[in-house]
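Asks: The structure is given below, and queries will be raised subsequently.
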Amino acid sequence: MKVLLVCLFAAVYAKHEVYLGWKSFYVKPSSHDQLKGLGSLIPKLELDFIIKPTVDREGIVLVRPPYQDDFLNFLASEKIEHWIHAEDVKAQLDKDDQMIEEYMQERRSTKTEGMSYDRYQQLDIIYKYLDTVASKYSDIVKIVTPATSFENRPLTYLKISKDNFKSGKPVIFLDGAMHAREWITVPTVTYAIHKLVENVTEPDLLDRFDWILFPVVNPDGYQHSFDRERMWRKTRSTDQHSMGRICRGVDINRNFDFVWNTTGTESHPCSDIFPGSKALSEVETRVVNAIFTEHKDKMVMYLSVHSFGSMILYPWSNNGTLSDRAFALHTVGIRMADAINAFSVINFPRYRVGNSALVLDYFTSGSSDDYAHSIGVPLAYTLELPGRGSNGFVLHPRYIKPVIAETWAGVVVGARMAGDLFGSR
Ligand code: 0X9
Ligand code: ZN
């Protein structure tokens, strides 16, 4: 057994080679000038902010070995407060993996039927689960794969409906893993499937609504974040610019056709917020976009599930102005947050609700929720699930069950309110 464990750990350790020598720092700018200065460094030093700082609120940034001196010199010359977060990012990721692996070893014997929620699932398990649910509940579940990803993986979602969307009930759409590294979003969406068809405790949700559940919008990136770079965020396309092979991928949440590439993007293709060569350049974006187009007249709520930060965010995120649905967006957002906070058994931060730009203190363009709202989906949100630990994306699997359960409590409340407010659209 010991030998097996050592082998497993060794295999796991080999995984984070790309992060060899990387360090991460807390940075806490105290003025907008300092914040801007940090922003201007991103393309030059290929910085990866895993938490964006705002004025007087620290963020966390990953810094590659060749740029660490320049980075620290800049912080010193600009007198930007900072302190070390991880001396050795690879070692930190290895340690996180080791903890997870030990936890998994303890639980090997408690395997449950179907999808299990004591670990983050590999893509093949997720595809198998979607297939199984669709064939076992074929009267209400249709599996749809309209296209394949850049690397030819199925872009698969489920349509769940009592009458195959025929009578035109209000539609609710949830998606996950638009950003590859946000693993906790995937079980959140598959759990919604489970609660709609396998373990139904809220039968009204299928009586009243038709559902679209798309657990992994970005399968290439998701797989890559398991195999090579845990912190991968974008797609894996290589056809967007001349440096395609060196710096792959596009940020799907900057790639929708809503004031595309006007703010909160980086034109440098190595950047994590590269918006692509044009709106909808990515097949993954186009598949989500086609869902909006097909169902926009009936779609009452869209939840794009991301991590992390415990936030419910709504449009407009490109400039912080409010839409004429702001009152409904805020009211339903608060009710969802209340339900999540009330359900929460873990001491996660309480949810914050508000306009995306105002809560985050940064702008984005080309995001899916803004796009959905711009074409008439009244309740369009980004849900940032909780994060915890040395790196909020690497949420220990012991938190999967509490997070999916509390989030489902929010979805239930949001859906019912969406039906009450907009069901007769
Ligand atoms: O930056 C993003 O795309 C989202 N945060 S994440 O850490 N998951 O990457 C926030 C999106 C905020 N913009 C909108 N709500 N449109
Ligand atoms: Zn995200």
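Ligands are numbered from 1 in the order shown, residues from 1 within each chain, and chains are lettered A, B, ... in the order they appear in the structure tokens.
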Residues within 8 Å of ligand 2, counting only C-alpha atoms and all ligand atoms: report them as a list in words.
Replies: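 The neighbouring residues of ligand 2 are, in order, Ala177, Met178, His179, Glu182, Arg233, Asn253, Val305, His306, Ser307, Phe308 and Glu384 of chain A.
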Asks: Please produce a file of the residues just selected, as a PDB file, in the first residue's frame, where the atoms kept are N, CA, C and O atoms.
Replies:
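Below is the file that was written, selection-v4.pdb:
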```pdb
ATOM      1  N   ALA A 177     -17.524  25.455 -16.145  1.00  0.00           N
ATOM      2  CA  ALA A 177     -16.185  25.247 -16.729  1.00  0.00           C
ATOM      3  C   ALA A 177     -15.959  25.987 -18.043  1.00  0.00           C
ATOM      4  O   ALA A 177     -15.333  25.476 -18.959  1.00  0.00           O
ATOM      5  N   MET A 178     -16.490  27.193 -18.105  1.00  0.00           N
ATOM      6  CA  MET A 178     -16.091  28.068 -19.207  1.00  0.00           C
ATOM      7  C   MET A 178     -14.600  28.372 -19.016  1.00  0.00           C
ATOM      8  O   MET A 178     -13.825  28.420 -19.959  1.00  0.00           O
ATOM      9  N   HIS A 179     -14.232  28.545 -17.755  1.00  0.00           N
ATOM     10  CA  HIS A 179     -12.816  28.696 -17.388  1.00  0.00           C
ATOM     11  C   HIS A 179     -12.314  27.361 -16.841  1.00  0.00           C
ATOM     12  O   HIS A 179     -12.841  26.843 -15.852  1.00  0.00           O
ATOM     13  N   GLU A 182     -11.627  26.197 -13.091  1.00  0.00           N
ATOM     14  CA  GLU A 182     -12.669  26.380 -12.077  1.00  0.00           C
ATOM     15  C   GLU A 182     -13.447  25.079 -11.894  1.00  0.00           C
ATOM     16  O   GLU A 182     -14.630  24.967 -12.196  1.00  0.00           O
ATOM     17  N   ARG A 233      -6.840  28.505 -17.960  1.00  0.00           N
ATOM     18  CA  ARG A 233      -8.152  29.170 -17.930  1.00  0.00           C
ATOM     19  C   ARG A 233      -8.863  29.139 -19.296  1.00  0.00           C
ATOM     20  O   ARG A 233     -10.076  28.967 -19.380  1.00  0.00           O
ATOM     21  N   ASN A 253     -14.969  33.870 -21.790  1.00  0.00           N
ATOM     22  CA  ASN A 253     -15.798  34.916 -21.176  1.00  0.00           C
ATOM     23  C   ASN A 253     -15.365  36.328 -21.577  1.00  0.00           C
ATOM     24  O   ASN A 253     -15.737  37.305 -20.935  1.00  0.00           O
ATOM     25  N   VAL A 305     -21.760  29.563 -14.276  1.00  0.00           N
ATOM     26  CA  VAL A 305     -21.169  29.214 -12.983  1.00  0.00           C
ATOM     27  C   VAL A 305     -19.637  29.263 -13.086  1.00  0.00           C
ATOM     28  O   VAL A 305     -19.036  28.599 -13.947  1.00  0.00           O
ATOM     29  N   HIS A 306     -19.046  30.096 -12.237  1.00  0.00           N
ATOM     30  CA  HIS A 306     -17.590  30.298 -12.210  1.00  0.00           C
ATOM     31  C   HIS A 306     -17.110  30.126 -10.767  1.00  0.00           C
ATOM     32  O   HIS A 306     -17.879  29.948  -9.838  1.00  0.00           O
ATOM     33  N   SER A 307     -15.771  30.206 -10.610  1.00  0.00           N
ATOM     34  CA  SER A 307     -15.238  30.301  -9.266  1.00  0.00           C
ATOM     35  C   SER A 307     -14.022  31.222  -9.337  1.00  0.00           C
ATOM     36  O   SER A 307     -13.393  31.323 -10.388  1.00  0.00           O
ATOM     37  N   PHE A 308     -13.644  31.981  -8.303  1.00  0.00           N
ATOM     38  CA  PHE A 308     -14.252  31.857  -7.000  1.00  0.00           C
ATOM     39  C   PHE A 308     -14.463  33.233  -6.394  1.00  0.00           C
ATOM     40  O   PHE A 308     -14.014  34.230  -6.959  1.00  0.00           O
ATOM     41  N   GLU A 384     -20.088  33.294  -8.812  1.00  0.00           N
ATOM     42  CA  GLU A 384     -18.719  32.922  -8.413  1.00  0.00           C
ATOM     43  C   GLU A 384     -18.846  32.086  -7.137  1.00  0.00           C
ATOM     44  O   GLU A 384     -19.197  32.605  -6.072  1.00  0.00           O
TER      45      GLU A 384
END
```
Asks: Write out as an MDAnalysis selection string each polymer residue whose atoms come within 9 Å of Leu196 (chain A), counting only C-alpha atoms; drop sequence neighbours fewer than 5 positions from it.
Replies: chainID A and resid 160 191 201:203 205:206 211
Asks: Output N, CA and C atoms for every residue in that selection, as a PDB file, in the first residue's frame.
Replies:
```pdb
ATOM      1  N   ILE A 160     -33.476  19.183 -20.562  1.00  0.00           N
ATOM      2  CA  ILE A 160     -34.363  18.428 -19.673  1.00  0.00           C
ATOM      3  C   ILE A 160     -35.733  19.088 -19.688  1.00  0.00           C
ATOM      4  N   TYR A 191     -24.770  18.278 -10.510  1.00  0.00           N
ATOM      5  CA  TYR A 191     -25.681  18.065  -9.370  1.00  0.00           C
ATOM      6  C   TYR A 191     -27.080  18.623  -9.677  1.00  0.00           C
ATOM      7  N   THR A 201     -36.544  16.461  -5.447  1.00  0.00           N
ATOM      8  CA  THR A 201     -37.210  16.930  -4.225  1.00  0.00           C
ATOM      9  C   THR A 201     -37.993  18.212  -4.498  1.00  0.00           C
ATOM     10  N   GLU A 202     -37.827  18.772  -5.692  1.00  0.00           N
ATOM     11  CA  GLU A 202     -38.570  19.980  -6.081  1.00  0.00           C
ATOM     12  C   GLU A 202     -39.252  19.708  -7.422  1.00  0.00           C
ATOM     13  N   PRO A 203     -40.325  18.873  -7.432  1.00  0.00           N
ATOM     14  CA  PRO A 203     -40.926  18.479  -8.719  1.00  0.00           C
ATOM     15  C   PRO A 203     -41.481  19.664  -9.514  1.00  0.00           C
ATOM     16  N   LEU A 205     -40.069  22.229 -10.336  1.00  0.00           N
ATOM     17  CA  LEU A 205     -39.069  22.826 -11.233  1.00  0.00           C
ATOM     18  C   LEU A 205     -39.123  22.234 -12.638  1.00  0.00           C
ATOM     19  N   LEU A 206     -39.558  20.983 -12.744  1.00  0.00           N
ATOM     20  CA  LEU A 206     -39.715  20.396 -14.083  1.00  0.00           C
ATOM     21  C   LEU A 206     -41.126  20.606 -14.621  1.00  0.00           C
ATOM     22  N   TRP A 211     -35.124  22.975 -19.037  1.00  0.00           N
ATOM     23  CA  TRP A 211     -33.775  23.251 -18.534  1.00  0.00           C
ATOM     24  C   TRP A 211     -32.703  22.902 -19.555  1.00  0.00           C
TER      25      TRP A 211
END
```
Asks: Counting only C-alpha atoms and all ligand atoms, which protein, DNA or RNA residues come within 9 Å of ligand 1, given as a PyMOL selection string?
Replies: chain A and resi 50-52+178-179+182+233+251-254+264+273+304-309+312-318+355-357+360+362-371+380-385
Asks: Please produce a file of those selected residues containing C-alpha atoms, as a compact mmCIF listing (two decimals), in the first residue's frame.
Replies:
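Contents of part-v3.txt, freshly written:
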```
# COMPACT_ATOMS: atom_id res chain seq x y z
CA ILE A 50 -5.46 34.55 -9.65
CA ILE A 51 -7.21 37.17 -7.55
CA LYS A 52 -7.45 40.66 -8.99
CA MET A 178 -16.09 28.07 -19.21
CA HIS A 179 -12.82 28.70 -17.39
CA GLU A 182 -12.67 26.38 -12.08
CA ARG A 233 -8.15 29.17 -17.93
CA ASP A 251 -10.85 33.53 -22.76
CA ILE A 252 -14.37 32.36 -23.60
CA ASN A 253 -15.80 34.92 -21.18
CA ARG A 254 -14.28 37.71 -23.29
CA GLY A 264 -11.09 44.28 -19.49
CA ILE A 273 -7.95 37.51 -20.84
CA SER A 304 -22.90 31.08 -15.76
CA VAL A 305 -21.17 29.21 -12.98
CA HIS A 306 -17.59 30.30 -12.21
CA SER A 307 -15.24 30.30 -9.27
CA PHE A 308 -14.25 31.86 -7.00
CA GLY A 309 -15.25 34.57 -4.55
CA ILE A 312 -23.64 36.79 -7.60
CA LEU A 313 -22.87 39.31 -10.34
CA TYR A 314 -25.15 40.90 -12.88
CA PRO A 315 -24.87 43.28 -15.91
CA TRP A 316 -23.60 45.53 -17.12
CA SER A 317 -20.07 44.51 -16.46
CA ASN A 318 -18.41 46.67 -19.10
CA ASN A 355 -23.50 44.79 -10.48
CA SER A 356 -20.42 42.95 -11.71
CA ALA A 357 -18.23 46.00 -12.34
CA LEU A 360 -15.39 43.37 -8.71
CA TYR A 362 -12.92 45.79 -12.83
CA PHE A 363 -14.66 45.86 -16.18
CA THR A 364 -15.17 43.02 -18.63
CA SER A 365 -16.41 42.95 -22.21
CA GLY A 366 -17.56 40.03 -24.30
CA SER A 367 -18.94 38.13 -21.29
CA SER A 368 -21.71 35.59 -21.61
CA ASP A 369 -24.07 37.03 -18.99
CA ASP A 370 -23.94 40.51 -20.51
CA TYR A 371 -24.54 39.08 -23.95
CA ALA A 380 -28.50 36.75 -16.38
CA TYR A 381 -25.85 36.16 -13.73
CA THR A 382 -22.31 35.09 -13.14
CA LEU A 383 -22.14 32.95 -10.04
CA GLU A 384 -18.72 32.92 -8.41
CA LEU A 385 -18.71 29.87 -6.13
```
Asks: Between A:Val403, A:Leu303, A:Val27, A:Ile100, which has the minimum distance to Thr54 (chain A) (counting only C-alpha atoms)?
Replies: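 Checking each candidate against Thr54 (chain A), we get A:Val27 as the closest.
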Asks: Using only C-alpha atoms, which residue out of A:Phe49, A:Ser77, A:Ser149, A:Glu87 lies closest to Gly21 (chain A)?
Replies: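 Comparing A:Phe49, A:Ser77, A:Ser149, A:Glu87 against Gly21 (chain A), the winner is A:Glu87.
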Asks: Pick out the residues sitting within 8 Å of region 128-145 of chain A, and hand them over as a PDB file with N, CA, C and O atoms, in the first residue's frame; count only C-alpha atoms, and ignore anything fewer than 3 positions along from it in its own chain.
Replies:
```
ATOM      1  N   GLY A 114     -23.252   5.790  -9.739  1.00  0.00           N
ATOM      2  CA  GLY A 114     -23.354   6.940 -10.632  1.00  0.00           C
ATOM      3  C   GLY A 114     -22.231   7.935 -10.401  1.00  0.00           C
ATOM      4  O   GLY A 114     -21.100   7.561 -10.110  1.00  0.00           O
ATOM      5  N   MET A 115     -22.565   9.197 -10.564  1.00  0.00           N
ATOM      6  CA  MET A 115     -21.578  10.259 -10.363  1.00  0.00           C
ATOM      7  C   MET A 115     -21.281  10.385  -8.879  1.00  0.00           C
ATOM      8  O   MET A 115     -22.204  10.499  -8.080  1.00  0.00           O
ATOM      9  N   ASP A 124     -14.040  11.892 -19.059  1.00  0.00           N
ATOM     10  CA  ASP A 124     -14.702  10.670 -19.538  1.00  0.00           C
ATOM     11  C   ASP A 124     -15.834  10.269 -18.598  1.00  0.00           C
ATOM     12  O   ASP A 124     -16.889   9.807 -19.043  1.00  0.00           O
ATOM     13  N   ILE A 125     -15.644  10.483 -17.309  1.00  0.00           N
ATOM     14  CA  ILE A 125     -16.697  10.148 -16.339  1.00  0.00           C
ATOM     15  C   ILE A 125     -17.903  11.080 -16.545  1.00  0.00           C
ATOM     16  O   ILE A 125     -19.062  10.655 -16.478  1.00  0.00           O
ATOM     17  N   THR A 148     -17.880  19.807 -31.971  1.00  0.00           N
ATOM     18  CA  THR A 148     -16.773  19.371 -31.121  1.00  0.00           C
ATOM     19  C   THR A 148     -15.841  20.562 -30.894  1.00  0.00           C
ATOM     20  O   THR A 148     -15.842  21.535 -31.648  1.00  0.00           O
ATOM     21  N   PRO A 154     -16.284  16.306 -27.552  1.00  0.00           N
ATOM     22  CA  PRO A 154     -17.698  16.666 -27.694  1.00  0.00           C
ATOM     23  C   PRO A 154     -18.057  17.880 -26.822  1.00  0.00           C
ATOM     24  O   PRO A 154     -17.624  17.971 -25.676  1.00  0.00           O
ATOM     25  N   LEU A 155     -18.821  18.791 -27.421  1.00  0.00           N
ATOM     26  CA  LEU A 155     -19.396  19.900 -26.638  1.00  0.00           C
ATOM     27  C   LEU A 155     -20.836  19.490 -26.347  1.00  0.00           C
ATOM     28  O   LEU A 155     -21.721  19.662 -27.183  1.00  0.00           O
ATOM     29  N   THR A 156     -21.020  18.905 -25.189  1.00  0.00           N
ATOM     30  CA  THR A 156     -22.262  18.189 -24.904  1.00  0.00           C
ATOM     31  C   THR A 156     -23.042  18.831 -23.770  1.00  0.00           C
ATOM     32  O   THR A 156     -22.478  19.136 -22.723  1.00  0.00           O
ATOM     33  N   TYR A 157     -24.334  19.017 -24.037  1.00  0.00           N
ATOM     34  CA  TYR A 157     -25.202  19.501 -22.956  1.00  0.00           C
ATOM     35  C   TYR A 157     -26.494  18.705 -22.931  1.00  0.00           C
ATOM     36  O   TYR A 157     -26.791  17.946 -23.869  1.00  0.00           O
ATOM     37  N   LEU A 158     -27.238  18.844 -21.848  1.00  0.00           N
ATOM     38  CA  LEU A 158     -28.516  18.145 -21.717  1.00  0.00           C
ATOM     39  C   LEU A 158     -29.669  19.131 -21.782  1.00  0.00           C
ATOM     40  O   LEU A 158     -29.582  20.232 -21.217  1.00  0.00           O
ATOM     41  N   LYS A 159     -30.729  18.721 -22.471  1.00  0.00           N
ATOM     42  CA  LYS A 159     -31.990  19.458 -22.428  1.00  0.00           C
ATOM     43  C   LYS A 159     -32.949  18.606 -21.596  1.00  0.00           C
ATOM     44  O   LYS A 159     -33.161  17.432 -21.920  1.00  0.00           O
ATOM     45  N   ILE A 160     -33.476  19.183 -20.562  1.00  0.00           N
ATOM     46  CA  ILE A 160     -34.363  18.428 -19.673  1.00  0.00           C
ATOM     47  C   ILE A 160     -35.733  19.088 -19.688  1.00  0.00           C
ATOM     48  O   ILE A 160     -35.855  20.291 -19.421  1.00  0.00           O
ATOM     49  N   SER A 161     -36.716  18.280 -20.051  1.00  0.00           N
ATOM     50  CA  SER A 161     -38.044  18.861 -20.250  1.00  0.00           C
ATOM     51  C   SER A 161     -39.080  17.747 -20.183  1.00  0.00           C
ATOM     52  O   SER A 161     -38.816  16.621 -20.629  1.00  0.00           O
ATOM     53  N   LYS A 162     -40.249  18.056 -19.679  1.00  0.00           N
ATOM     54  CA  LYS A 162     -41.298  17.036 -19.625  1.00  0.00           C
ATOM     55  C   LYS A 162     -41.930  16.806 -20.988  1.00  0.00           C
ATOM     56  O   LYS A 162     -42.580  15.788 -21.220  1.00  0.00           O
ATOM     57  N   ASP A 163     -41.791  17.794 -21.912  1.00  0.00           N
ATOM     58  CA  ASP A 163     -42.420  17.609 -23.226  1.00  0.00           C
ATOM     59  C   ASP A 163     -41.490  18.023 -24.367  1.00  0.00           C
ATOM     60  O   ASP A 163     -41.940  18.561 -25.377  1.00  0.00           O
ATOM     61  N   ASN A 164     -40.206  17.776 -24.161  1.00  0.00           N
ATOM     62  CA  ASN A 164     -39.204  18.088 -25.188  1.00  0.00           C
ATOM     63  C   ASN A 164     -39.327  19.530 -25.698  1.00  0.00           C
ATOM     64  O   ASN A 164     -39.237  19.795 -26.887  1.00  0.00           O
ATOM     65  N   VAL A 197     -33.565  15.127 -12.227  1.00  0.00           N
ATOM     66  CA  VAL A 197     -34.082  13.858 -12.764  1.00  0.00           C
ATOM     67  C   VAL A 197     -33.881  12.633 -11.868  1.00  0.00           C
ATOM     68  O   VAL A 197     -34.674  11.700 -11.925  1.00  0.00           O
TER      69      VAL A 197
END
```
Asks: DSSP on the backbone: which residues in region 177-401 of chain A end up as helix (DSSP H, G or I)? Give the answer as a PyMOL selection string.
Replies: chain A and resi 185-198+204-208+219-227+252-254+283-295+326-343+356-360+368-374+397-401
Asks: Closest to Gly176 (chain A) among A:Val288, A:Met243, A:Thr265, A:Arg57, using only C-alpha atoms?
Replies: A:Val288
Asks: What residues in region 82-238 of chain A get the DSSP label strand (DSSP E or B)? Please answer as a PyMOL selection string.
Replies: chain A and resi 82-86+141-148+154-160+171-175+210-214
Asks: Can you work out which one of A:Phe150, A:Tyr351, A:Trp183, A:Phe343 has the shortest atom-to-atom distance to Thr235 (chain A), counting only C-alpha atoms?
Replies: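 The answer is A:Phe150, which sits nearest to Thr235 (chain A).
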Asks: Using only C-alpha atoms, which protein or nucleic acid residues come within 10 Å of Asp70 (chain A)? Drop anything in the same chain fewer than 5 positions from it, and give the result as a list in words.
Replies: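 Once the adjacent positions are removed, what remains is Leu41, Leu45, Leu75 and Ala76 of chain A.
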